[in-house]
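Engineer: Sending over a structure as structure tokens; questions will come in a sec.
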Amino acid sequence: MPHCPPERNHNMTEHQDSIAPEGERGILAALIFALVAERLSVFYEHGQWFTRAQGATLAADWLARSKRNLPLSQRQHLSELSDQLARQIADSTSREAGLYVSHELQEALDPRYYSELGESIMTECVRILDENLQ
């Protein structure tokens, strides 16, 4: 049965399966993951990175869909962490590999889609969150 890609504007915080920690920490890690996926997608489609402020606004939009919110400073911090990870991925892969990673992370935003690569990136999101607690 073919896999249907998720809507691009669906609630990105839904990527909370067994690889994300529970509770608020899981939501924060899932936001970093979703922002990394979106940053890579925009970078490979348009050749530019969106700003820290744009990432914070995107996170606010996603959170609002589930009636949640975070202070601006925290959303900016998560945006910055996602920017660092997305750039690290882009800098350490060929364009072709980066396109694959970007696509795979977009697919992994759907909690029904299992991705070993997505699991690995989520683990990294948890690690950088834990190392950079505000």
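By order of appearance in the structure tokens: chains A, B, ..., then residues from 1 within every chain, and ligands from 1 in the order shown.
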Using only C-alpha atoms, which residues sit within 10 Å of Ile128 (chain A) once same-chain residues fewer than 3 positions away are excluded, as a list in words?
Structural biologist: Ala29, Ile32, Leu78, Leu81, Ser82, Gln84, Leu85, Met122, Thr123, Glu124, Cys125, Glu131, Asn132 and Leu133 of chain A
Engineer: What would the file look like if the residues just selected were written as a short mmCIF file (atom, residue, chain, number, x, y, z; two decimals), in the first residue's frame with N, CA and C atoms?
Structural biologist:
```cif
data_model
loop_
_atom_site.label_atom_id
_atom_site.label_comp_id
_atom_site.auth_asym_id
_atom_site.auth_seq_id
_atom_site.Cartn_x
_atom_site.Cartn_y
_atom_site.Cartn_z
N ALA A 29 11.42 18.61 21.94
CA ALA A 29 12.26 17.84 21.01
C ALA A 29 11.55 17.69 19.67
N ILE A 32 11.86 20.89 17.71
CA ILE A 32 13.18 21.00 17.09
C ILE A 32 13.23 20.12 15.85
N LEU A 78 14.64 27.32 20.65
CA LEU A 78 14.41 26.08 19.90
C LEU A 78 14.70 26.29 18.42
N LEU A 81 18.46 26.21 18.00
CA LEU A 81 18.96 24.83 18.07
C LEU A 81 18.67 24.07 16.78
N SER A 82 17.47 24.26 16.24
CA SER A 82 17.12 23.57 14.99
C SER A 82 17.97 24.08 13.84
N GLN A 84 21.06 25.21 14.02
CA GLN A 84 22.40 24.62 14.15
C GLN A 84 22.42 23.19 13.63
N LEU A 85 21.41 22.40 14.00
CA LEU A 85 21.38 21.00 13.56
C LEU A 85 21.13 20.89 12.06
N MET A 122 15.79 12.42 15.72
CA MET A 122 15.04 12.73 16.95
C MET A 122 15.93 12.54 18.17
N THR A 123 16.72 11.49 18.17
CA THR A 123 17.66 11.26 19.27
C THR A 123 18.62 12.43 19.40
N GLU A 124 19.09 12.93 18.28
CA GLU A 124 19.98 14.09 18.28
C GLU A 124 19.25 15.34 18.77
N CYS A 125 17.98 15.49 18.41
CA CYS A 125 17.19 16.64 18.89
C CYS A 125 17.06 16.60 20.41
N GLU A 131 21.33 19.29 26.32
CA GLU A 131 22.59 20.02 26.50
C GLU A 131 22.41 21.53 26.53
N ASN A 132 21.27 22.00 26.07
CA ASN A 132 21.06 23.45 25.94
C ASN A 132 19.79 23.92 26.62
N LEU A 133 19.49 23.33 27.77
CA LEU A 133 18.30 23.74 28.50
C LEU A 133 18.41 25.19 28.91
#
```
Engineer: For region 99-105 of chain A, list every protein, DNA or RNA residue within 6 Å, evaluated using only C-alpha atoms, and leave out those in the same chain fewer than 5 positions away; present the list as JSON, numbers by chain.
Structural biologist: {"A": [37, 40, 41, 118]}
Engineer: Would you work out the distance separating CA of Leu109 (chain A) from CA of Ala34 (chain A), expressed in Å to one decimal?
Structural biologist: 6.9 Å
Engineer: Tell me which of A:Arg75, A:Arg52, A:Arg65, A:Arg112 sits closest to Leu31 (chain A), counting only C-alpha atoms.
Structural biologist: A:Arg75
Engineer: One decimal, Å: what's the distance from CA of Ala30 (chain A) over to CA of Ala53 (chain A), could you say?
Structural biologist: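 If I compute the distance from CA of Ala30 (chain A) to CA of Ala53 (chain A), I get 18.2 Å.
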Engineer: Taking the backbone alone, and naming residues the way the document does, which bits of chain A are alpha helix (DSSP H) by DSSP, as number ranges by chain?
Structural biologist: A: 23-46, 52-65, 72-91, 95-108, 116-131
Engineer: With distances taken over only C-alpha atoms, which residue among A:Leu70, A:Glu119, A:Phe43, A:Glu107 lies nearest Asp91 (chain A)?
Structural biologist: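 Result for the nearest residue to Asp91 (chain A): A:Phe43.
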Engineer: So which one's closest to Glu38 (chain A), A:Glu96, A:Glu24, A:Asp110, A:Asp83? Using only C-alpha atoms, please.
Structural biologist: A:Asp83
Engineer: When you draw a straight line from CA of Arg39 (chain A) to CA of Ala86 (chain A), how long is it in Å?
Structural biologist: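 Between CA of Arg39 (chain A) and CA of Ala86 (chain A) the gap works out to 6.5 Å.
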Engineer: Check the smallest atom-to-atom distance from each of A:Ser94, A:Ser79, A:Thr51, A:Gln88 to Leu129 (chain A) using only C-alpha atoms, then report the winner.
Structural biologist: A:Ser79
